[in-house]
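Participant: So that you have it, the file is query_26.json, and it contains JSON, N, CA and C atoms:
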```json
[["chain", "number", "residue", "atom", "x", "y", "z"],
["A", 1, "MET", "N", -109.43, 19.64, 47.14],
["A", 1, "MET", "CA", -108.22, 20.38, 46.92],
["A", 1, "MET", "C", -107.92, 21.23, 48.14],
["A", 2, "GLU", "N", -106.67, 21.47, 48.35],
["A", 2, "GLU", "CA", -106.27, 22.22, 49.53],
["A", 2, "GLU", "C", -105.69, 23.57, 49.13],
["A", 3, "LEU", "N", -106.10, 24.58, 49.85],
["A", 3, "LEU", "CA", -105.56, 25.92, 49.64],
["A", 3, "LEU", "C", -104.29, 26.07, 50.47],
["A", 4, "LYS", "N", -103.20, 26.53, 49.84],
["A", 4, "LYS", "CA", -101.93, 26.71, 50.53],
["A", 4, "LYS", "C", -101.86, 28.05, 51.25],
["A", 5, "LYS", "N", -102.52, 29.03, 50.71],
["A", 5, "LYS", "CA", -102.48, 30.38, 51.27],
["A", 5, "LYS", "C", -103.86, 30.81, 51.68],
["A", 6, "LYS", "N", -103.92, 31.67, 52.66],
["A", 6, "LYS", "CA", -105.19, 32.13, 53.20],
["A", 6, "LYS", "C", -105.64, 33.41, 52.49],
["A", 7, "PHE", "N", -106.82, 33.32, 51.94],
["A", 7, "PHE", "CA", -107.47, 34.46, 51.32],
["A", 7, "PHE", "C", -108.92, 34.49, 51.79],
["A", 8, "VAL", "N", -109.51, 35.66, 51.82],
["A", 8, "VAL", "CA", -110.93, 35.77, 52.13],
["A", 8, "VAL", "C", -111.62, 36.38, 50.91],
["A", 9, "LEU", "N", -112.83, 35.98, 50.73],
["A", 9, "LEU", "CA", -113.66, 36.47, 49.63],
["A", 9, "LEU", "C", -114.39, 37.71, 50.11],
["A", 10, "ARG", "N", -114.29, 38.78, 49.36],
["A", 10, "ARG", "CA", -114.96, 40.03, 49.72],
["A", 10, "ARG", "C", -115.65, 40.61, 48.49],
["A", 11, "ASN", "N", -116.77, 41.28, 48.74],
["A", 11, "ASN", "CA", -117.47, 42.01, 47.69],
["A", 11, "ASN", "C", -117.21, 43.48, 47.94],
["A", 12, "ILE", "N", -116.48, 44.10, 47.04],
["A", 12, "ILE", "CA", -116.11, 45.50, 47.19],
["A", 12, "ILE", "C", -116.67, 46.27, 46.00],
["A", 13, "VAL", "N", -117.62, 47.13, 46.28],
["A", 13, "VAL", "CA", -118.28, 47.95, 45.27],
["A", 13, "VAL", "C", -118.76, 47.10, 44.10],
["A", 14, "GLY", "N", -119.41, 45.99, 44.43],
["A", 14, "GLY", "CA", -119.98, 45.13, 43.41],
["A", 14, "GLY", "C", -119.00, 44.21, 42.71],
["A", 15, "GLU", "N", -117.75, 44.23, 43.11],
["A", 15, "GLU", "CA", -116.74, 43.37, 42.50],
["A", 15, "GLU", "C", -116.28, 42.33, 43.52],
["A", 16, "THR", "N", -116.17, 41.07, 43.11],
["A", 16, "THR", "CA", -115.74, 40.01, 44.00],
["A", 16, "THR", "C", -114.22, 39.93, 43.97],
["A", 17, "ILE", "N", -113.63, 40.00, 45.16],
["A", 17, "ILE", "CA", -112.18, 40.09, 45.30],
["A", 17, "ILE", "C", -111.70, 39.04, 46.29],
["A", 18, "LEU", "N", -110.56, 38.42, 46.00],
["A", 18, "LEU", "CA", -109.87, 37.57, 46.97],
["A", 18, "LEU", "C", -108.78, 38.43, 47.61],
["A", 19, "VAL", "N", -108.83, 38.53, 48.92],
["A", 19, "VAL", "CA", -107.91, 39.39, 49.68],
["A", 19, "VAL", "C", -107.02, 38.50, 50.55],
["A", 20, "PRO", "N", -105.69, 38.65, 50.44],
["A", 20, "PRO", "CA", -104.80, 37.85, 51.28],
["A", 20, "PRO", "C", -104.90, 38.30, 52.73],
["A", 21, "ILE", "N", -104.78, 37.34, 53.64],
["A", 21, "ILE", "CA", -104.81, 37.67, 55.07],
["A", 21, "ILE", "C", -103.58, 37.12, 55.76],
["A", 22, "GLY", "N", -103.29, 37.65, 56.92],
["A", 22, "GLY", "CA", -102.14, 37.18, 57.71],
["A", 22, "GLY", "C", -100.83, 37.46, 57.00],
["A", 23, "GLN", "N", -99.91, 36.52, 57.11],
["A", 23, "GLN", "CA", -98.59, 36.68, 56.50],
["A", 23, "GLN", "C", -98.66, 36.70, 54.99],
["A", 24, "ASN", "N", -99.73, 36.16, 54.42],
["A", 24, "ASN", "CA", -99.89, 36.19, 52.97],
["A", 24, "ASN", "C", -99.99, 37.62, 52.46],
["A", 25, "ASN", "N", -100.49, 38.51, 53.30],
["A", 25, "ASN", "CA", -100.63, 39.91, 52.92],
["A", 25, "ASN", "C", -99.27, 40.49, 52.56],
["A", 26, "GLU", "N", -98.24, 40.09, 53.30],
["A", 26, "GLU", "CA", -96.89, 40.57, 53.03],
["A", 26, "GLU", "C", -96.28, 39.87, 51.81],
["A", 27, "ALA", "N", -96.53, 38.57, 51.67],
["A", 27, "ALA", "CA", -95.94, 37.78, 50.60],
["A", 27, "ALA", "C", -96.64, 37.99, 49.26],
["A", 28, "PHE", "N", -97.93, 38.25, 49.30],
["A", 28, "PHE", "CA", -98.71, 38.41, 48.07],
["A", 28, "PHE", "C", -99.16, 39.86, 48.01],
["A", 29, "ASN", "N", -98.53, 40.63, 47.18],
["A", 29, "ASN", "CA", -98.81, 42.05, 47.10],
["A", 29, "ASN", "C", -99.88, 42.30, 46.05],
["A", 30, "GLY", "N", -101.14, 42.35, 46.46],
["A", 30, "GLY", "CA", -102.21, 42.61, 45.52],
["A", 30, "GLY", "C", -103.50, 41.94, 45.90],
["A", 31, "LEU", "N", -104.47, 42.04, 45.02],
["A", 31, "LEU", "CA", -105.78, 41.43, 45.18],
["A", 31, "LEU", "C", -106.07, 40.63, 43.93],
["A", 32, "ILE", "N", -107.00, 39.69, 44.04],
["A", 32, "ILE", "CA", -107.40, 38.91, 42.87],
["A", 32, "ILE", "C", -108.88, 39.17, 42.64],
["A", 33, "SER", "N", -109.19, 39.71, 41.48],
["A", 33, "SER", "CA", -110.57, 39.96, 41.10],
["A", 33, "SER", "C", -111.09, 38.72, 40.37],
["A", 34, "ILE", "N", -112.29, 38.25, 40.77],
["A", 34, "ILE", "CA", -112.84, 37.06, 40.14],
["A", 34, "ILE", "C", -114.28, 37.29, 39.70],
["A", 35, "ASN", "N", -114.70, 36.53, 38.71],
["A", 35, "ASN", "CA", -116.07, 36.63, 38.20],
["A", 35, "ASN", "C", -116.98, 35.67, 38.97],
["A", 36, "GLU", "N", -118.22, 35.56, 38.54],
["A", 36, "GLU", "CA", -119.21, 34.72, 39.23],
["A", 36, "GLU", "C", -118.78, 33.25, 39.28],
["A", 37, "LEU", "N", -118.26, 32.74, 38.18],
["A", 37, "LEU", "CA", -117.81, 31.35, 38.17],
["A", 37, "LEU", "C", -116.61, 31.16, 39.09],
["A", 38, "GLY", "N", -115.68, 32.10, 39.06],
["A", 38, "GLY", "CA", -114.53, 32.04, 39.96],
["A", 38, "GLY", "C", -114.96, 32.02, 41.41],
["A", 39, "LYS", "N", -115.97, 32.82, 41.74],
["A", 39, "LYS", "CA", -116.51, 32.84, 43.10],
["A", 39, "LYS", "C", -117.10, 31.48, 43.46],
["A", 40, "PHE", "N", -117.86, 30.89, 42.53],
["A", 40, "PHE", "CA", -118.46, 29.59, 42.78],
["A", 40, "PHE", "C", -117.38, 28.53, 43.00],
["A", 41, "ILE", "N", -116.35, 28.54, 42.16],
["A", 41, "ILE", "CA", -115.25, 27.59, 42.31],
["A", 41, "ILE", "C", -114.58, 27.79, 43.66],
["A", 42, "TRP", "N", -114.29, 29.04, 44.00],
["A", 42, "TRP", "CA", -113.61, 29.34, 45.27],
["A", 42, "TRP", "C", -114.42, 28.82, 46.46],
["A", 43, "GLU", "N", -115.72, 29.02, 46.40],
["A", 43, "GLU", "CA", -116.58, 28.60, 47.51],
["A", 43, "GLU", "C", -116.72, 27.09, 47.62],
["A", 44, "ASN", "N", -116.37, 26.37, 46.56],
["A", 44, "ASN", "CA", -116.51, 24.91, 46.55],
["A", 44, "ASN", "C", -115.18, 24.15, 46.49],
["A", 45, "ILE", "N", -114.10, 24.85, 46.35],
["A", 45, "ILE", "CA", -112.82, 24.20, 46.06],
["A", 45, "ILE", "C", -112.35, 23.25, 47.17],
["A", 46, "GLU", "N", -112.52, 23.63, 48.42],
["A", 46, "GLU", "CA", -112.02, 22.78, 49.49],
["A", 46, "GLU", "C", -112.97, 21.65, 49.86],
["A", 47, "SER", "N", -114.26, 21.83, 49.60],
["A", 47, "SER", "CA", -115.21, 20.77, 49.95],
["A", 47, "SER", "C", -115.33, 19.70, 48.86],
["A", 48, "ALA", "N", -114.87, 20.01, 47.65],
["A", 48, "ALA", "CA", -114.88, 19.01, 46.58],
["A", 48, "ALA", "C", -113.70, 18.07, 46.77],
["A", 49, "LYS", "N", -113.94, 16.78, 46.60],
["A", 49, "LYS", "CA", -112.86, 15.81, 46.83],
["A", 49, "LYS", "C", -111.79, 15.85, 45.74],
["A", 50, "ASP", "N", -112.20, 16.26, 44.54],
["A", 50, "ASP", "CA", -111.24, 16.35, 43.45],
["A", 50, "ASP", "C", -111.79, 17.27, 42.35],
["A", 51, "LYS", "N", -111.00, 17.42, 41.30],
["A", 51, "LYS", "CA", -111.36, 18.32, 40.21],
["A", 51, "LYS", "C", -112.63, 17.85, 39.49],
["A", 52, "GLU", "N", -112.81, 16.55, 39.37],
["A", 52, "GLU", "CA", -114.00, 16.02, 38.69],
["A", 52, "GLU", "C", -115.28, 16.37, 39.46],
["A", 53, "GLU", "N", -115.22, 16.28, 40.77],
["A", 53, "GLU", "CA", -116.40, 16.65, 41.57],
["A", 53, "GLU", "C", -116.68, 18.15, 41.45],
["A", 54, "LEU", "N", -115.63, 18.93, 41.43],
["A", 54, "LEU", "CA", -115.79, 20.38, 41.26],
["A", 54, "LEU", "C", -116.41, 20.69, 39.90],
["A", 55, "LEU", "N", -115.97, 20.00, 38.86],
["A", 55, "LEU", "CA", -116.55, 20.17, 37.54],
["A", 55, "LEU", "C", -118.03, 19.79, 37.54],
["A", 56, "GLN", "N", -118.37, 18.70, 38.20],
["A", 56, "GLN", "CA", -119.77, 18.28, 38.26],
["A", 56, "GLN", "C", -120.63, 19.31, 38.99],
["A", 57, "ARG", "N", -120.09, 19.90, 40.02],
["A", 57, "ARG", "CA", -120.84, 20.95, 40.73],
["A", 57, "ARG", "C", -121.11, 22.15, 39.82],
["A", 58, "ILE", "N", -120.13, 22.49, 39.00],
["A", 58, "ILE", "CA", -120.31, 23.60, 38.05],
["A", 58, "ILE", "C", -121.42, 23.25, 37.07],
["A", 59, "LEU", "N", -121.37, 22.02, 36.55],
["A", 59, "LEU", "CA", -122.39, 21.58, 35.58],
["A", 59, "LEU", "C", -123.78, 21.53, 36.21],
["A", 60, "ASP", "N", -123.86, 21.19, 37.49],
["A", 60, "ASP", "CA", -125.14, 21.16, 38.19],
["A", 60, "ASP", "C", -125.69, 22.57, 38.44],
["A", 61, "GLU", "N", -124.79, 23.53, 38.61],
["A", 61, "GLU", "CA", -125.19, 24.90, 38.96],
["A", 61, "GLU", "C", -125.48, 25.76, 37.72],
["A", 62, "TYR", "N", -124.72, 25.57, 36.66],
["A", 62, "TYR", "CA", -124.81, 26.43, 35.48],
["A", 62, "TYR", "C", -125.21, 25.62, 34.24],
["A", 63, "GLU", "N", -125.92, 26.25, 33.37],
["A", 63, "GLU", "CA", -126.24, 25.63, 32.07],
["A", 63, "GLU", "C", -125.10, 25.94, 31.12],
["A", 64, "VAL", "N", -124.15, 25.03, 31.07],
["A", 64, "VAL", "CA", -122.95, 25.24, 30.28],
["A", 64, "VAL", "C", -122.49, 23.89, 29.73],
["A", 65, "ASP", "N", -121.89, 23.94, 28.55],
["A", 65, "ASP", "CA", -121.32, 22.74, 27.94],
["A", 65, "ASP", "C", -120.16, 22.23, 28.80],
["A", 66, "LYS", "N", -120.05, 20.92, 28.93],
["A", 66, "LYS", "CA", -119.01, 20.33, 29.77],
["A", 66, "LYS", "C", -117.61, 20.75, 29.35],
["A", 67, "ASP", "N", -117.35, 20.80, 28.05],
["A", 67, "ASP", "CA", -116.01, 21.16, 27.57],
["A", 67, "ASP", "C", -115.67, 22.61, 27.93],
["A", 68, "ILE", "N", -116.65, 23.49, 27.84],
["A", 68, "ILE", "CA", -116.43, 24.90, 28.18],
["A", 68, "ILE", "C", -116.20, 25.02, 29.69],
["A", 69, "ALA", "N", -117.02, 24.33, 30.48],
["A", 69, "ALA", "CA", -116.86, 24.37, 31.94],
["A", 69, "ALA", "C", -115.50, 23.83, 32.35],
["A", 70, "LYS", "N", -115.07, 22.75, 31.71],
["A", 70, "LYS", "CA", -113.76, 22.17, 32.04],
["A", 70, "LYS", "C", -112.64, 23.13, 31.69],
["A", 71, "ALA", "N", -112.74, 23.77, 30.54],
["A", 71, "ALA", "CA", -111.71, 24.73, 30.12],
["A", 71, "ALA", "C", -111.64, 25.91, 31.10],
["A", 72, "ASP", "N", -112.81, 26.42, 31.51],
["A", 72, "ASP", "CA", -112.84, 27.53, 32.46],
["A", 72, "ASP", "C", -112.28, 27.11, 33.82],
["A", 73, "LEU", "N", -112.63, 25.92, 34.26],
["A", 73, "LEU", "CA", -112.12, 25.40, 35.53],
["A", 73, "LEU", "C", -110.60, 25.24, 35.47],
["A", 74, "ASP", "N", -110.12, 24.64, 34.38],
["A", 74, "ASP", "CA", -108.67, 24.46, 34.21],
["A", 74, "ASP", "C", -107.94, 25.80, 34.23],
["A", 75, "GLU", "N", -108.51, 26.80, 33.57],
["A", 75, "GLU", "CA", -107.89, 28.12, 33.52],
["A", 75, "GLU", "C", -107.83, 28.74, 34.92],
["A", 76, "PHE", "N", -108.94, 28.69, 35.65],
["A", 76, "PHE", "CA", -108.97, 29.28, 36.99],
["A", 76, "PHE", "C", -108.00, 28.56, 37.93],
["A", 77, "LEU", "N", -108.03, 27.23, 37.92],
["A", 77, "LEU", "CA", -107.12, 26.48, 38.78],
["A", 77, "LEU", "C", -105.66, 26.72, 38.39],
["A", 78, "GLY", "N", -105.41, 26.87, 37.09],
["A", 78, "GLY", "CA", -104.05, 27.17, 36.62],
["A", 78, "GLY", "C", -103.55, 28.50, 37.15],
["A", 79, "LYS", "N", -104.44, 29.49, 37.19],
["A", 79, "LYS", "CA", -104.05, 30.80, 37.73],
["A", 79, "LYS", "C", -103.78, 30.73, 39.22],
["A", 80, "LEU", "N", -104.58, 29.94, 39.95],
["A", 80, "LEU", "CA", -104.34, 29.77, 41.38],
["A", 80, "LEU", "C", -103.03, 29.05, 41.63],
["A", 81, "LYS", "N", -102.71, 28.05, 40.80],
["A", 81, "LYS", "CA", -101.45, 27.33, 40.92],
["A", 81, "LYS", "C", -100.26, 28.24, 40.60],
["A", 82, "ALA", "N", -100.43, 29.10, 39.62],
["A", 82, "ALA", "CA", -99.36, 29.99, 39.20],
["A", 82, "ALA", "C", -98.91, 30.93, 40.32],
["A", 83, "VAL", "N", -99.83, 31.30, 41.19],
["A", 83, "VAL", "CA", -99.47, 32.18, 42.31],
["A", 83, "VAL", "C", -99.40, 31.39, 43.63],
["A", 84, "ASP", "N", -99.31, 30.06, 43.50],
["A", 84, "ASP", "CA", -99.10, 29.15, 44.62],
["A", 84, "ASP", "C", -100.17, 29.24, 45.70],
["A", 85, "ILE", "N", -101.44, 29.37, 45.27],
["A", 85, "ILE", "CA", -102.55, 29.36, 46.22],
["A", 85, "ILE", "C", -103.05, 27.94, 46.44],
["A", 86, "ILE", "N", -102.99, 27.10, 45.39],
["A", 86, "ILE", "CA", -103.35, 25.69, 45.56],
["A", 86, "ILE", "C", -102.17, 24.82, 45.18]]
```
Would it be possible to restate this file's structure as structure tokens?

Facilitator:
Amino acid sequence: MELKKKFVLRNIVGETILVPIGQNNEAFNGLISINELGKFIWENIESAKDKEELLQRILDEYEVDKDIAKADLDEFLGKLKAVDII
């Protein structure tokens, strides 16, 4: 998957945040706070060839039911699509 906008991952006072950089800073007014799974997805999103590979990476990393992992992945990707990041 390809990211349309540039964000950097930062840990600020124990919280994982996506911070817009460059011109995105002007266009996207705010920060995105993400949990551990969101961080894992973010760190793997561009190197995975598709959503299925990303789902398999989640299943390999975490002890979670496939349906729950898929629902969480769909929700996170949906939020990124909603703000035009992917």

Participant: Considering only N, CA and C atoms, return as a list in words whatever protein or nucleic-acid residues lie within 6 Å of Lys6 in chain A, sequence-local ones (same chain, fewer than 4 positions apart) excluded.

Facilitator: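 Surrounding residues, per the criterion: Val19, Pro20 and Ile21 of chain A.
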
Participant: Include N, CA and C atoms and write out the residues we just selected as a PDB file, keeping the file's coordinate frame.

Facilitator:
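Generated output (again-v7.pdb):
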```
ATOM      1  N   VAL A  19    -108.830  38.530  48.920  1.00  0.00           N
ATOM      2  CA  VAL A  19    -107.910  39.390  49.680  1.00  0.00           C
ATOM      3  C   VAL A  19    -107.020  38.500  50.550  1.00  0.00           C
ATOM      4  N   PRO A  20    -105.690  38.650  50.440  1.00  0.00           N
ATOM      5  CA  PRO A  20    -104.800  37.850  51.280  1.00  0.00           C
ATOM      6  C   PRO A  20    -104.900  38.300  52.730  1.00  0.00           C
ATOM      7  N   ILE A  21    -104.780  37.340  53.640  1.00  0.00           N
ATOM      8  CA  ILE A  21    -104.810  37.670  55.070  1.00  0.00           C
ATOM      9  C   ILE A  21    -103.580  37.120  55.760  1.00  0.00           C
TER      10      ILE A  21
END
```

Participant: Can you list, as an MDAnalysis selection string, all residues belonging to chain A that DSSP tags as strand (DSSP E)?

Facilitator: chainID A and resid 7:12 15:20 32:34

Participant: Could you please take those selected residues and save N, CA and C atoms as a compact mmCIF listing (two decimals), in the coordinates of the input?

Facilitator:
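Produced file part.txt, reproduced below:
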```
# COMPACT_ATOMS: atom_id res chain seq x y z
N PHE A 7 -106.82 33.32 51.94
CA PHE A 7 -107.47 34.46 51.32
C PHE A 7 -108.92 34.49 51.79
N VAL A 8 -109.51 35.66 51.82
CA VAL A 8 -110.93 35.77 52.13
C VAL A 8 -111.62 36.38 50.91
N LEU A 9 -112.83 35.98 50.73
CA LEU A 9 -113.66 36.47 49.63
C LEU A 9 -114.39 37.71 50.11
N ARG A 10 -114.29 38.78 49.36
CA ARG A 10 -114.96 40.03 49.72
C ARG A 10 -115.65 40.61 48.49
N ASN A 11 -116.77 41.28 48.74
CA ASN A 11 -117.47 42.01 47.69
C ASN A 11 -117.21 43.48 47.94
N ILE A 12 -116.48 44.10 47.04
CA ILE A 12 -116.11 45.50 47.19
C ILE A 12 -116.67 46.27 46.00
N GLU A 15 -117.75 44.23 43.11
CA GLU A 15 -116.74 43.37 42.50
C GLU A 15 -116.28 42.33 43.52
N THR A 16 -116.17 41.07 43.11
CA THR A 16 -115.74 40.01 44.00
C THR A 16 -114.22 39.93 43.97
N ILE A 17 -113.63 40.00 45.16
CA ILE A 17 -112.18 40.09 45.30
C ILE A 17 -111.70 39.04 46.29
N LEU A 18 -110.56 38.42 46.00
CA LEU A 18 -109.87 37.57 46.97
C LEU A 18 -108.78 38.43 47.61
N VAL A 19 -108.83 38.53 48.92
CA VAL A 19 -107.91 39.39 49.68
C VAL A 19 -107.02 38.50 50.55
N PRO A 20 -105.69 38.65 50.44
CA PRO A 20 -104.80 37.85 51.28
C PRO A 20 -104.90 38.30 52.73
N ILE A 32 -107.00 39.69 44.04
CA ILE A 32 -107.40 38.91 42.87
C ILE A 32 -108.88 39.17 42.64
N SER A 33 -109.19 39.71 41.48
CA SER A 33 -110.57 39.96 41.10
C SER A 33 -111.09 38.72 40.37
N ILE A 34 -112.29 38.25 40.77
CA ILE A 34 -112.84 37.06 40.14
C ILE A 34 -114.28 37.29 39.70
```

Participant: Which residues are near Thr16 in chain A? Cut-off 8 Å, only C-alpha atoms, ignore same chain within fewer than 5 positions. Put them as a list in words.

Facilitator: Leu9, Arg10, Asn11, Ser33, Ile34, Asn35, Glu36 and Lys39 of chain A

Participant: What is the distance between atom N of Asp60 in chain A and CA of Leu73 in chain A, in Å to one decimal?

Facilitator: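 Between these atoms lies a distance of 12.6 Å.
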
Participant: Given all atoms listed in the file as the basis, pick out the residue of A:Asp67, A:Ile86, A:Ile58, A:Lys79 nearest to Phe40 in chain A.

Facilitator: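 Among the listed residues, A:Ile58 lies closest to Phe40 in chain A.
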
Participant: Using only C-alpha atoms, which of A:Ile32, A:Ala69, A:Val13, A:Leu77 sits nearest Asp50 in chain A?

Facilitator: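 Distance minimum relative to Asp50 in chain A lands on A:Leu77.
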
Participant: Once DSSP has gone over the backbone, tell me which residues of chain A are in helix (DSSP H, G or I), as a PyMOL selection string.

Facilitator: chain A and resi 24-27+36-44+51-61+66-82

Participant: Quick one: axis-aligned box around all listed atoms of range 13-20 of chain A, 4 Å on every side, centre and edge lengths in Å to one decimal, written as lines of an AutoDock Vina configuration file.

Facilitator:
```
center_x = -112.4
center_y = 42.8
center_z = 47.6
size_x = 23.2
size_y = 18.4
size_z = 18.2
```

Participant: What does the distance from CA of Lys49 in chain A to atom N of Glu2 in chain A come to in Å, to one decimal?

Facilitator: 8.5 Å

Participant: Do you have the CA of Phe7 in chain A-CA of Glu75 in chain A distance handy?

Facilitator: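 Value for the CA of Phe7 in chain A-CA of Glu75 in chain A distance: 18.9 Å.
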